[in-house]
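start19.tsv (TSV, C-alpha atoms and all ligand atoms) appears below.
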```
chain	number	residue	atom	x	y	z
A	11	MET	CA	17.33	15.30	-36.18
A	12	ASN	CA	14.86	12.95	-34.57
A	13	LYS	CA	14.37	12.97	-30.81
A	14	HIS	CA	16.19	10.23	-28.92
A	15	ILE	CA	13.75	7.86	-27.24
A	16	PRO	CA	15.51	5.92	-24.48
A	17	PHE	CA	14.22	2.53	-23.39
A	18	LEU	CA	13.68	4.08	-19.96
A	19	ASP	CA	15.15	7.22	-18.43
A	20	LEU	CA	13.95	7.75	-14.88
A	21	SER	CA	15.24	11.32	-14.83
A	22	GLN	CA	12.27	12.08	-17.12
A	23	ILE	CA	9.63	11.51	-14.45
A	24	PRO	CA	7.17	14.42	-14.41
A	25	LEU	CA	7.71	17.58	-12.43
A	26	ASP	CA	4.69	17.17	-10.10
A	27	LEU	CA	6.08	13.80	-9.01
A	28	LYS	CA	9.58	15.20	-8.53
A	29	ILE	CA	8.18	17.98	-6.35
A	30	ALA	CA	6.13	15.53	-4.25
A	31	LEU	CA	9.17	13.26	-3.78
A	32	LYS	CA	11.40	16.16	-2.75
A	33	GLU	CA	8.77	17.29	-0.28
A	34	LYS	CA	8.58	13.78	1.21
A	35	PHE	CA	12.37	13.63	1.48
A	36	SER	CA	12.46	16.98	3.21
A	37	GLN	CA	9.75	15.94	5.70
A	38	MET	CA	11.59	12.71	6.47
A	39	LEU	CA	14.88	14.51	6.92
A	40	ASP	CA	13.22	16.77	9.47
A	41	LYS	CA	11.67	13.81	11.33
A	42	GLY	CA	14.94	11.87	11.43
A	43	VAL	CA	13.42	8.37	11.27
A	44	PHE	CA	15.36	6.30	8.72
A	45	SER	CA	14.60	2.72	9.76
A	46	GLY	CA	11.09	1.45	10.46
A	47	GLY	CA	8.63	4.09	11.62
A	48	GLU	CA	5.48	5.64	10.28
A	49	GLU	CA	6.23	5.54	6.53
A	50	VAL	CA	6.84	1.78	6.63
A	51	GLU	CA	3.59	1.26	8.54
A	52	ILE	CA	1.70	3.43	6.08
A	53	LEU	CA	3.19	1.58	3.12
A	54	GLU	CA	2.19	-1.80	4.55
A	55	LYS	CA	-1.32	-0.52	5.21
A	56	ASN	CA	-1.55	0.94	1.69
A	57	LEU	CA	-0.37	-2.33	0.13
A	58	LYS	CA	-2.80	-4.38	2.22
A	59	GLU	CA	-5.72	-2.21	1.20
A	60	TYR	CA	-4.81	-1.94	-2.46
A	61	LEU	CA	-4.12	-5.65	-2.83
A	62	GLY	CA	-6.90	-6.86	-0.54
A	63	ILE	CA	-4.64	-9.14	1.52
A	64	ASN	CA	-4.30	-9.75	5.27
A	65	TYR	CA	-0.55	-9.22	5.55
A	66	ALA	CA	1.82	-7.12	3.45
A	67	LEU	CA	5.33	-6.77	4.86
A	68	ALA	CA	7.71	-4.35	3.23
A	69	CYS	CA	11.28	-5.57	2.81
A	70	SER	CA	14.63	-4.79	1.22
A	71	ASN	CA	14.02	-5.99	-2.36
A	72	GLY	CA	12.29	-8.65	-4.47
A	73	THR	CA	15.16	-11.13	-4.34
A	74	ASP	CA	15.19	-11.04	-0.55
A	75	ALA	CA	11.39	-11.37	-0.60
A	76	LEU	CA	11.76	-14.67	-2.47
A	77	GLU	CA	14.46	-15.89	-0.11
A	78	LEU	CA	12.39	-14.94	2.94
A	79	ALA	CA	9.38	-16.74	1.49
A	80	LEU	CA	11.38	-19.93	0.93
A	81	ARG	CA	12.82	-19.76	4.44
A	82	ALA	CA	9.43	-19.09	6.02
A	83	LEU	CA	8.19	-22.26	4.32
A	84	GLU	CA	11.28	-24.07	5.65
A	85	ILE	CA	12.57	-25.00	2.24
A	86	GLY	CA	16.26	-25.84	2.12
A	87	SER	CA	18.82	-28.53	1.45
A	88	GLY	CA	17.43	-31.66	-0.23
A	89	ASP	CA	14.28	-29.86	-1.43
A	90	GLU	CA	13.31	-29.06	-5.00
A	91	VAL	CA	11.48	-25.98	-6.22
A	92	ILE	CA	9.95	-25.72	-9.70
A	93	VAL	CA	10.80	-22.44	-11.47
A	94	PRO	CA	10.35	-21.25	-15.07
A	95	ALA	CA	13.33	-21.48	-17.40
A	96	ILE	CA	13.01	-17.84	-18.42
A	97	SER	CA	12.82	-15.12	-15.77
A	98	TRP	CA	15.07	-12.62	-14.11
A	99	VAL	CA	17.76	-14.72	-12.40
A	100	SER	CA	16.49	-13.97	-8.87
A	101	THR	CA	13.71	-16.55	-9.16
A	102	ALA	CA	16.22	-19.41	-9.30
A	103	GLU	CA	18.93	-17.60	-7.34
A	104	ALA	CA	16.76	-17.40	-4.22
A	105	VAL	CA	16.14	-21.16	-4.40
A	106	ALA	CA	19.87	-21.84	-4.66
A	107	LEU	CA	20.59	-19.39	-1.81
A	108	VAL	CA	18.48	-21.40	0.64
A	109	GLY	CA	20.31	-24.57	-0.41
A	110	ALA	CA	17.44	-26.09	-2.42
A	111	LYS	CA	17.53	-27.16	-6.06
A	112	PRO	CA	15.76	-25.13	-8.75
A	113	VAL	CA	14.02	-27.53	-11.16
A	114	PHE	CA	13.38	-25.68	-14.39
A	115	ILE	CA	10.25	-25.98	-16.46
A	116	ASP	CA	9.81	-24.81	-20.05
A	117	THR	CA	7.42	-21.99	-20.79
A	118	ASP	CA	4.62	-21.33	-23.23
A	119	ALA	CA	5.04	-18.90	-26.10
A	120	SER	CA	4.29	-15.93	-23.83
A	121	GLY	CA	7.08	-16.85	-21.40
A	122	LEU	CA	4.87	-18.17	-18.59
A	123	MET	CA	5.60	-21.57	-17.08
A	124	ASP	CA	3.91	-24.31	-19.09
A	125	LEU	CA	1.48	-25.82	-16.59
A	126	ASP	CA	0.93	-28.86	-18.79
A	127	LEU	CA	4.51	-29.95	-18.06
A	128	LEU	CA	4.16	-29.93	-14.27
A	129	GLU	CA	3.63	-33.67	-13.97
A	130	SER	CA	6.99	-34.30	-15.58
A	131	LYS	CA	8.76	-32.03	-13.08
A	132	ILE	CA	7.36	-33.14	-9.74
A	133	SER	CA	9.26	-35.55	-7.49
A	134	SER	CA	9.05	-36.64	-3.87
A	135	ARG	CA	11.43	-33.76	-3.08
A	136	THR	CA	9.28	-31.02	-4.67
A	137	LYS	CA	8.32	-28.61	-1.87
A	138	ALA	CA	7.29	-25.52	-3.77
A	139	ILE	CA	6.65	-23.93	-7.12
A	140	ILE	CA	7.40	-20.33	-8.08
A	141	PRO	CA	5.13	-19.05	-10.87
A	142	VAL	CA	6.52	-15.84	-12.35
A	143	HIS	CA	4.04	-13.35	-13.80
A	144	LEU	CA	6.56	-12.45	-16.45
A	145	TYR	CA	6.38	-9.06	-18.15
A	146	GLY	CA	3.33	-8.35	-15.95
A	147	ASN	CA	1.21	-11.13	-17.47
A	148	MET	CA	-0.33	-13.47	-14.91
A	149	VAL	CA	0.04	-17.24	-14.88
A	150	ASP	CA	-3.30	-19.09	-14.82
A	151	MET	CA	-3.36	-19.26	-11.01
A	152	GLU	CA	-6.62	-21.21	-10.82
A	153	LYS	CA	-5.14	-24.06	-12.82
A	154	LEU	CA	-1.86	-23.90	-10.94
A	155	LEU	CA	-3.52	-23.95	-7.51
A	156	LEU	CA	-5.65	-26.97	-8.45
A	157	TRP	CA	-2.44	-28.82	-9.21
A	158	SER	CA	-0.45	-27.54	-6.22
A	159	LYS	CA	-3.19	-28.35	-3.70
A	160	LYS	CA	-3.63	-31.84	-5.11
A	161	ASN	CA	0.12	-32.40	-4.90
A	162	LYS	CA	0.70	-30.58	-1.57
A	163	VAL	CA	3.24	-28.22	-3.10
A	164	ALA	CA	3.56	-24.70	-1.66
A	165	VAL	CA	3.13	-21.76	-4.04
A	166	ILE	CA	5.37	-18.69	-3.91
A	167	GLU	CA	4.29	-16.14	-6.48
A	168	ASP	CA	7.03	-14.08	-8.05
A	169	GLY	CA	5.01	-10.92	-8.61
A	170	ALA	CA	8.08	-8.73	-9.07
A	171	GLN	CA	6.87	-7.57	-12.49
A	172	SER	CA	3.12	-7.75	-12.02
A	173	PHE	CA	2.08	-5.18	-9.42
A	174	GLY	CA	-1.41	-4.02	-10.42
A	175	ALA	CA	-2.36	-7.10	-12.47
A	176	VAL	CA	-5.65	-8.68	-11.44
A	177	LEU	CA	-7.02	-12.09	-12.41
A	178	LYS	CA	-10.69	-12.79	-11.68
A	179	GLY	CA	-10.77	-9.95	-9.13
A	180	LYS	CA	-7.67	-11.17	-7.28
A	181	HIS	CA	-4.35	-9.33	-7.46
A	182	ALA	CA	-1.10	-10.90	-8.60
A	183	GLY	CA	0.83	-11.93	-5.50
A	184	THR	CA	-2.28	-12.73	-3.44
A	185	TRP	CA	-3.02	-16.19	-4.88
A	186	GLY	CA	-0.16	-18.26	-3.49
A	187	ASP	CA	0.92	-19.14	0.07
A	188	ILE	CA	3.29	-16.20	-0.17
A	189	GLY	CA	3.57	-13.49	-2.82
A	190	CYS	CA	6.76	-11.57	-3.50
A	191	LEU	CA	6.95	-8.06	-4.92
A	192	SER	CA	9.81	-5.92	-6.14
A	193	PHE	CA	9.78	-2.14	-6.15
A	194	TYR	CA	13.01	-1.94	-8.14
A	195	PRO	CA	13.11	1.55	-9.73
A	196	THR	CA	12.08	0.37	-13.22
A	197	LYS	CA	8.94	-1.47	-12.08
A	198	ASN	CA	5.45	-0.02	-12.60
A	199	LEU	CA	5.58	0.95	-8.92
A	200	GLY	CA	9.26	1.61	-8.37
A	201	ALA	CA	11.15	3.08	-5.44
A	202	LEU	CA	14.10	5.46	-5.84
A	203	GLY	CA	16.32	2.58	-4.83
A	204	GLU	CA	15.83	-1.01	-3.74
A	205	ALA	CA	12.64	-2.22	-2.08
A	206	GLY	CA	10.21	-5.14	-2.05
A	207	ALA	CA	7.43	-6.82	-0.10
A	208	VAL	CA	6.09	-10.20	0.95
A	209	LEU	CA	2.36	-10.93	1.03
A	210	THR	CA	0.36	-13.63	2.74
A	211	GLU	CA	-3.09	-14.40	4.15
A	212	ASP	CA	-1.61	-16.65	6.85
A	213	SER	CA	-0.91	-15.11	10.29
A	214	ILE	CA	1.71	-17.71	11.23
A	215	LEU	CA	3.65	-17.22	8.01
A	216	ALA	CA	3.34	-13.46	8.40
A	217	GLU	CA	4.85	-13.58	11.88
A	218	LYS	CA	7.69	-15.77	10.69
A	219	LEU	CA	8.38	-13.50	7.72
A	220	ARG	CA	8.35	-10.48	10.04
A	221	ASN	CA	10.92	-12.15	12.30
A	222	LEU	CA	13.08	-13.42	9.47
A	223	LEU	CA	13.40	-10.04	7.83
A	224	ASN	CA	14.46	-8.43	11.10
A	225	HIS	CA	17.27	-10.65	12.47
A	226	GLY	CA	14.86	-13.29	13.76
A	227	GLN	CA	13.66	-10.83	16.40
A	228	THR	CA	10.17	-10.93	17.84
A	229	PHE	CA	10.93	-7.76	19.73
A	230	ARG	CA	14.08	-5.81	20.49
A	231	ASP	CA	16.96	-8.13	21.55
A	232	HIS	CA	14.76	-11.24	21.57
A	233	HIS	CA	16.00	-13.48	18.73
A	234	ILE	CA	14.18	-16.74	18.09
A	235	LEU	CA	15.39	-17.51	14.54
A	236	VAL	CA	18.52	-16.94	12.48
A	237	GLY	CA	17.20	-14.04	10.46
A	238	ARG	CA	18.45	-11.33	8.16
A	239	ASN	CA	18.47	-7.61	7.92
A	240	ALA	CA	16.03	-7.45	5.04
A	241	ARG	CA	14.12	-4.40	6.23
A	242	ILE	CA	13.00	-1.76	3.79
A	243	ASP	CA	14.67	1.68	3.97
A	244	SER	CA	12.14	4.07	5.51
A	245	ILE	CA	12.98	6.67	2.86
A	246	GLN	CA	12.01	4.21	0.12
A	247	ALA	CA	8.76	3.45	1.93
A	248	GLY	CA	8.06	7.20	2.01
A	249	PHE	CA	8.74	7.53	-1.73
A	250	LEU	CA	6.55	4.52	-2.50
A	251	ASN	CA	3.69	6.07	-0.50
A	252	VAL	CA	3.97	9.16	-2.70
A	253	LYS	CA	4.12	7.13	-5.90
A	254	LEU	CA	1.14	4.98	-4.96
A	255	GLY	CA	-0.99	8.10	-5.29
A	256	PHE	CA	-0.08	8.30	-8.98
A	257	PHE	CA	-0.22	4.59	-9.72
A	258	SER	CA	-3.74	4.13	-11.13
A	259	ALA	CA	-3.36	7.04	-13.53
A	260	TRP	CA	-0.04	5.63	-14.75
A	261	GLN	CA	-1.59	2.23	-15.34
A	262	LYS	CA	-4.28	3.82	-17.53
A	263	ARG	CA	-1.62	5.69	-19.44
A	264	ARG	CA	0.39	2.51	-20.00
A	265	LYS	CA	-2.70	0.80	-21.42
A	266	ASN	CA	-3.38	3.76	-23.73
A	267	LEU	CA	0.14	3.65	-25.07
A	268	VAL	CA	-0.09	-0.10	-25.50
A	269	SER	CA	-3.28	0.30	-27.58
A	270	ILE	CA	-1.37	2.58	-29.92
A	271	TYR	CA	1.44	0.05	-30.27
A	272	LEU	CA	-1.05	-2.74	-31.00
A	273	GLN	CA	-2.90	-0.67	-33.57
A	274	GLU	CA	0.18	0.63	-35.36
A	275	LEU	CA	2.02	-2.68	-35.51
A	276	LYS	CA	-0.88	-5.02	-36.23
A	277	ASP	CA	-0.22	-5.41	-39.94
A	278	ILE	CA	3.42	-6.42	-39.70
A	279	ALA	CA	3.45	-10.13	-40.36
A	280	SER	CA	7.05	-10.64	-39.22
A	281	ILE	CA	6.43	-9.66	-35.61
A	282	SER	CA	4.17	-11.19	-33.01
A	283	LEU	CA	2.46	-8.89	-30.52
A	284	PRO	CA	1.46	-9.41	-26.86
A	285	GLN	CA	-2.28	-9.68	-27.59
A	286	GLU	CA	-3.25	-10.25	-23.92
A	287	ILE	CA	-1.59	-7.03	-22.73
A	288	LEU	CA	-4.84	-5.02	-22.57
A	289	SER	CA	-6.46	-7.54	-20.19
A	290	PRO	CA	-6.69	-6.76	-16.45
A	291	PHE	CA	-4.47	-9.78	-15.72
A	292	HIS	CA	-1.59	-7.97	-17.47
A	293	ASN	CA	-0.19	-4.79	-15.90
A	294	ALA	CA	1.59	-3.69	-19.09
A	295	HIS	CA	4.96	-3.70	-17.37
A	296	LEU	CA	6.83	-4.53	-20.56
A	297	PHE	CA	5.74	-4.37	-24.20
A	298	ILE	CA	7.37	-7.40	-25.75
A	299	ILE	CA	7.35	-8.14	-29.44
A	300	LYS	CA	8.82	-11.27	-30.96
A	301	THR	CA	10.64	-11.51	-34.25
A	302	SER	CA	13.23	-13.84	-35.71
A	303	GLN	CA	15.06	-10.70	-36.92
A	304	ARG	CA	15.30	-9.33	-33.38
A	305	ASP	CA	19.00	-8.44	-33.32
A	306	ASP	CA	18.94	-6.63	-36.68
A	307	LEU	CA	15.77	-4.76	-35.73
A	308	ARG	CA	17.30	-3.76	-32.42
A	309	GLN	CA	20.40	-2.41	-34.13
A	310	PHE	CA	18.30	-0.57	-36.71
A	311	LEU	CA	16.22	1.09	-33.97
A	312	ALA	CA	19.37	2.03	-32.05
A	313	GLN	CA	20.66	3.78	-35.18
A	314	LYS	CA	17.39	5.73	-35.25
A	315	GLY	CA	17.88	6.79	-31.62
A	316	ILE	CA	15.39	4.34	-30.13
A	317	GLY	CA	16.42	2.32	-27.10
A	318	THR	CA	15.14	-1.20	-26.57
A	319	ALA	CA	15.94	-4.02	-24.15
A	320	ILE	CA	15.92	-7.81	-24.09
A	321	HIS	CA	14.17	-9.66	-21.27
A	322	TYR	CA	16.09	-12.01	-21.26
A	323	PRO	CA	18.89	-12.92	-23.67
A	324	GLU	CA	19.83	-16.15	-21.86
A	325	ILE	CA	17.57	-18.60	-20.08
A	326	ILE	CA	18.53	-19.46	-16.50
A	327	PRO	CA	19.34	-23.18	-16.92
A	328	TYR	CA	21.91	-22.25	-19.59
A	329	MET	CA	23.77	-19.97	-17.14
A	330	LYS	CA	26.89	-21.34	-15.48
A	331	PRO	CA	25.59	-21.58	-11.88
A	332	TYR	CA	22.35	-23.26	-12.96
A	333	LEU	CA	23.40	-25.57	-15.81
A	334	ASP	CA	21.37	-28.77	-15.78
A	335	GLY	CA	22.15	-30.19	-19.22
A	336	GLN	CA	18.49	-30.12	-20.30
A	337	LYS	CA	16.77	-28.34	-23.16
A	338	TYR	CA	13.99	-25.78	-22.88
A	339	PRO	CA	13.08	-25.12	-26.51
A	340	VAL	CA	10.23	-22.63	-26.05
A	341	ALA	CA	12.03	-20.51	-23.45
A	342	GLU	CA	15.20	-20.68	-25.54
A	343	MET	CA	13.31	-19.49	-28.62
A	344	MET	CA	11.96	-16.60	-26.58
A	345	SER	CA	15.43	-15.57	-25.45
A	346	LYS	CA	16.40	-15.31	-29.14
A	347	THR	CA	13.33	-13.46	-30.40
A	348	VAL	CA	11.92	-11.15	-27.70
A	349	LEU	CA	12.44	-7.41	-27.86
A	350	SER	CA	11.10	-4.94	-25.29
A	351	LEU	CA	9.99	-1.62	-26.75
A	352	PRO	CA	9.95	1.57	-24.63
A	353	LEU	CA	6.87	1.77	-22.42
A	354	ASN	CA	6.43	4.14	-19.52
A	355	PRO	CA	3.62	6.48	-18.49
A	356	TRP	CA	5.63	9.60	-19.32
A	357	MET	CA	6.02	8.80	-22.99
A	358	LYS	CA	4.03	10.80	-25.51
A	359	ASN	CA	1.64	9.18	-27.99
A	360	ALA	CA	3.90	10.64	-30.68
A	361	ASP	CA	6.89	8.71	-29.27
A	362	VAL	CA	5.05	5.42	-29.66
A	363	LYS	CA	3.90	6.38	-33.17
A	364	ARG	CA	7.44	7.23	-34.17
A	365	ILE	CA	8.81	3.95	-32.81
A	366	CYS	CA	6.15	2.09	-34.81
A	367	LYS	CA	6.94	4.08	-37.95
A	368	GLU	CA	10.62	3.18	-37.66
A	369	ILE	CA	9.71	-0.48	-37.13
A	370	ARG	CA	7.60	-0.35	-40.30
A	371	ASN	CA	10.57	1.19	-42.11
A	372	PHE	CA	12.82	-1.68	-41.07
A	373	GLY	CA	13.22	-3.99	-44.05
A	374	PHE	CA	11.82	-7.22	-42.64
A	375	GLN	CA	13.08	-10.13	-44.71
A	376	THR	CA	10.40	-12.49	-45.87
A	377	LEU	CA	11.67	-15.78	-44.52
A	378	VAL	CA	10.85	-19.01	-46.32
A	401	LIG	C1	10.78	-11.73	-12.16
A	401	LIG	C2	11.64	-11.07	-11.12
A	401	LIG	N1	11.89	-11.73	-9.97
A	401	LIG	C3	12.61	-11.17	-9.00
A	401	LIG	C4	13.14	-9.91	-9.12
A	401	LIG	C5	14.01	-9.38	-8.04
A	401	LIG	O1	13.64	-8.16	-7.54
A	401	LIG	P1	14.75	-7.15	-6.98
A	401	LIG	O2	15.48	-6.58	-8.13
A	401	LIG	O3	13.92	-6.14	-6.24
A	401	LIG	O4	15.63	-7.92	-6.06
A	401	LIG	C6	12.89	-9.18	-10.30
A	401	LIG	C7	13.34	-7.79	-10.48
A	401	LIG	O5	14.28	-7.29	-10.72
A	401	LIG	C8	12.13	-9.78	-11.33
A	401	LIG	O6	11.89	-9.13	-12.46
```
Turn the structure described in the file into structure tokens.
Ligand SMILES: Cc1ncc(COP(=O)(O)O)c(C=O)c1O
Amino acid sequence: MNKHIPFLDLSQIPLDLKIALKEKFSQMLDKGVFSGGEEVEILEKNLKEYLGINYALACSNGTDALELALRALEIGSGDEVIVPAISWVSTAEAVALVGAKPVFIDTDASGLMDLDLLESKISSRTKAIIPVHLYGNMVDMEKLLLWSKKNKVAVIEDGAQSFGAVLKGKHAGTWGDIGCLSFYPTKNLGALGEAGAVLTEDSILAEKLRNLLNHGQTFRDHHILVGRNARIDSIQAGFLNVKLGFFSAWQKRRKNLVSIYLQELKDIASISLPQEILSPFHNAHLFIIKTSQRDDLRQFLAQKGIGTAIHYPEIIPYMKPYLDGQKYPVAEMMSKTVLSLPLNPWMKNADVKRICKEIRNFGFQTLV
């Protein structure tokens, strides 16, 4: 009987990490500080140093980070924000939550917003654009910023999937006016619950974000804005501080595993591989293959005990709350063909080899 390989099972994190997390929990329980405090300050300092940015503010999750960013830039009713047609729903949801209109743009074949279509999406109401570094692969931020500066459009980077990706020496999330991160448990740097962060170089925006995420307070009982409780849990900050110590080693491991996938699958004509995944501007968050026989392959792998996932089976403008009656052919094609194979730093080389062997055993139809 072959070993079951789940898409991702977080109970399988290694023992040394489990011990370090338990130790952190025990220390925090003894200290009794569960909101704000030292661990949050340390996390923000760690993020600032690692990312090389002036301000990193920890918050409740990546969706709230996007909403806070939009509010800090005073985007709301009557405004338009350009977002990619394929992403996790939060990218568009945050825009709708502040009362603005998400204007969808089709993507290229790797799922990143197609920057050549920007001119057809801008209007006098366009206030911001949200590039999503989907699957961990960075949008060409140099090209995007040339356009956004020329057109006076603010840039909010959705870096929820791209922590650790670096383009031309600059981290994902540090290129735009505000960058948003998610530490959702399945991310490359994941909490043991919900968490996120907002990043900026701008002191005024940083102050506003700080107020907004804490009930519009500048200091205790002094409220100058209608804010939110979007603070991070201190316990999650503590866990993230522990996990940051392991992060670089995990990134190397992800890239090693990815090299095996690329090598073992390279001769299968019926699937397309994420060729850019070994570059520094990709953090190898997800290993996405594309095939027109996606659903059959997925079922076949499930029968062999191999879990997979689809990111994402439906594009956002085809979902009920976001319907706009337009077509997004490239993003739509992606939603029908992408398949995410298991990828996490705790997998064995042999797991990846076995997954590839099963994929080779799948009877790909030669399509005419
Ligand atoms: C692209 C993208 N944007 C936003 C989010 C929202 O992050 P969170 O789940 O922390 O709210 C996620 C993650 O789930 C994501 O993948």
*When you draw a straight line from CA of Gly146 (chain A) to CA of Leu254 (chain A), how long is it in Å?*
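That distance, rounded to one decimal, is 17.4 Å.
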Considering all atoms listed in the file, return as an mmCIF file with C-alpha atoms, in the frame of the given file whatever protein or nucleic-acid residues lie within 10 Å of Leu57 (chain A), sequence-local ones (same chain, fewer than 3 positions apart) excluded.
```cif
data_model
loop_
_atom_site.group_PDB
_atom_site.id
_atom_site.type_symbol
_atom_site.label_atom_id
_atom_site.label_comp_id
_atom_site.auth_asym_id
_atom_site.auth_seq_id
_atom_site.Cartn_x
_atom_site.Cartn_y
_atom_site.Cartn_z
ATOM 1 C CA GLU A 51 3.590 1.260 8.540
ATOM 2 C CA ILE A 52 1.700 3.430 6.080
ATOM 3 C CA LEU A 53 3.190 1.580 3.120
ATOM 4 C CA GLU A 54 2.190 -1.800 4.550
ATOM 5 C CA TYR A 60 -4.810 -1.940 -2.460
ATOM 6 C CA LEU A 61 -4.120 -5.650 -2.830
ATOM 7 C CA GLY A 62 -6.900 -6.860 -0.540
ATOM 8 C CA ILE A 63 -4.640 -9.140 1.520
ATOM 9 C CA ASN A 64 -4.300 -9.750 5.270
ATOM 10 C CA TYR A 65 -0.550 -9.220 5.550
ATOM 11 C CA ALA A 66 1.820 -7.120 3.450
ATOM 12 C CA LEU A 67 5.330 -6.770 4.860
ATOM 13 C CA ALA A 68 7.710 -4.350 3.230
ATOM 14 C CA ALA A 207 7.430 -6.820 -0.100
ATOM 15 C CA LEU A 209 2.360 -10.930 1.030
ATOM 16 C CA ASN A 251 3.690 6.070 -0.500
ATOM 17 C CA LEU A 254 1.140 4.980 -4.960
#
```
*Mind giving me the straight-line distance from CA of Lys276 (chain A) to atom C6 of ligand LIG 401 (chain A) in Å, one decimal?*
29.7 Å
*asked:* Just want the 10 Å neighbourhood of Ala110 (chain A), counted on all atoms listed in the file, with same-chain residues fewer than 2 positions away dropped. Output as a VMD selection string.
replied: chain A and resid 80 85 to 91 102 to 108 112 to 113 135 to 137
Just the selected residues (C-alpha atoms), exported as a PDB file, in the frame of the given file, please.
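Below is the file again07.pdb, written as the result:
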```
ATOM      1  CA  LEU A  80      11.380 -19.930   0.930  1.00  0.00           C
ATOM      2  CA  ILE A  85      12.570 -25.000   2.240  1.00  0.00           C
ATOM      3  CA  GLY A  86      16.260 -25.840   2.120  1.00  0.00           C
ATOM      4  CA  SER A  87      18.820 -28.530   1.450  1.00  0.00           C
ATOM      5  CA  GLY A  88      17.430 -31.660  -0.230  1.00  0.00           C
ATOM      6  CA  ASP A  89      14.280 -29.860  -1.430  1.00  0.00           C
ATOM      7  CA  GLU A  90      13.310 -29.060  -5.000  1.00  0.00           C
ATOM      8  CA  VAL A  91      11.480 -25.980  -6.220  1.00  0.00           C
ATOM      9  CA  ALA A 102      16.220 -19.410  -9.300  1.00  0.00           C
ATOM     10  CA  GLU A 103      18.930 -17.600  -7.340  1.00  0.00           C
ATOM     11  CA  ALA A 104      16.760 -17.400  -4.220  1.00  0.00           C
ATOM     12  CA  VAL A 105      16.140 -21.160  -4.400  1.00  0.00           C
ATOM     13  CA  ALA A 106      19.870 -21.840  -4.660  1.00  0.00           C
ATOM     14  CA  LEU A 107      20.590 -19.390  -1.810  1.00  0.00           C
ATOM     15  CA  VAL A 108      18.480 -21.400   0.640  1.00  0.00           C
ATOM     16  CA  PRO A 112      15.760 -25.130  -8.750  1.00  0.00           C
ATOM     17  CA  VAL A 113      14.020 -27.530 -11.160  1.00  0.00           C
ATOM     18  CA  ARG A 135      11.430 -33.760  -3.080  1.00  0.00           C
ATOM     19  CA  THR A 136       9.280 -31.020  -4.670  1.00  0.00           C
ATOM     20  CA  LYS A 137       8.320 -28.610  -1.870  1.00  0.00           C
TER      21      LYS A 137
END
```
*asked:* Just want the 6 Å neighbourhood of region 346-349 of chain A, counted on all atoms listed in the file, with same-chain residues fewer than 6 positions away dropped. Output as a list in words.
replied: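 Once the adjacent positions are removed, what remains is Ile298, Ile299, Lys300, Thr301, Ser302, Arg304 and Ile320 of chain A.
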*Residues within 8 Å of ligand LIG 401 (chain A) should be enumerated using only C-alpha atoms and all ligand atoms and returned as a VMD selection string.*
chain A and resid 70 to 76 97 to 101 142 to 145 168 to 171 191 to 194 197 204 to 206
*Could you give me, as number ranges by chain, the residues within 12 Å of Gln375 (chain A), counting only C-alpha atoms and dropping anything in the same chain fewer than 2 positions from it?*
A: 278-281, 301-304, 306-307, 371-373, 377-378
*By how many Å are CA of Glu167 (chain A) and CA of Met151 (chain A) apart?*
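A separation of 9.4 Å between them.
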To box region 266-271 of chain A, take all atoms listed in the file, fit an axis-aligned box, add 6 Å on each side, and give centre and edge lengths in Å to one decimal, as AutoDock Vina command-line options.
```
--center_x -1.0 --center_y 1.8 --center_z -27.0 --size_x 16.8 --size_y 15.9 --size_z 18.5
```
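Closest approach to Gly315 (chain A) from the set A:Ile15, A:Leu351, A:Ile92, A:Leu177 is made by A:Ile15, with distances taken over only C-alpha atoms.
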_Restricting the calculation to all atoms listed in the file: of A:Glu368, A:Thr196, A:Arg264, A:Arg241, which residue gets closest to Asp19 (chain A)?_
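For Asp19 (chain A), the nearest of the given residues is A:Thr196.
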*Top pick for closest residue to Lys180 (chain A), considering A:Lys34, A:Phe291, A:Val165, A:Gly42 and counting all atoms listed in the file*: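 Distance minimum relative to Lys180 (chain A) lands on A:Phe291.
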*Which residue, A:Leu127, A:Ala164, A:Leu154, A:Val340, has the smallest gap to Ile139 (chain A) when you use all atoms listed in the file?*
A:Ala164
_Among the residues A:Ala247, A:Val208, A:Met343, A:Ile365, the one that comes closest to Ala82 (chain A) [using all atoms listed in the file]_ = A:Val208
_Residue contacts of Arg263 (chain A) (12 Å, all atoms listed in the file) excluding same-chain residues fewer than 6 positions away, as a PyMOL selection string_ = chain A and resi 198+256-257+269-270+288+293-295+353-359
*Measuring atom to atom with only C-alpha atoms, identify which of A:Gly200, A:Gly109, A:Pro327, A:Gly174 is nearest to Glu77 (chain A).*
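Comparing A:Gly200, A:Gly109, A:Pro327, A:Gly174 against Glu77 (chain A), the winner is A:Gly109.
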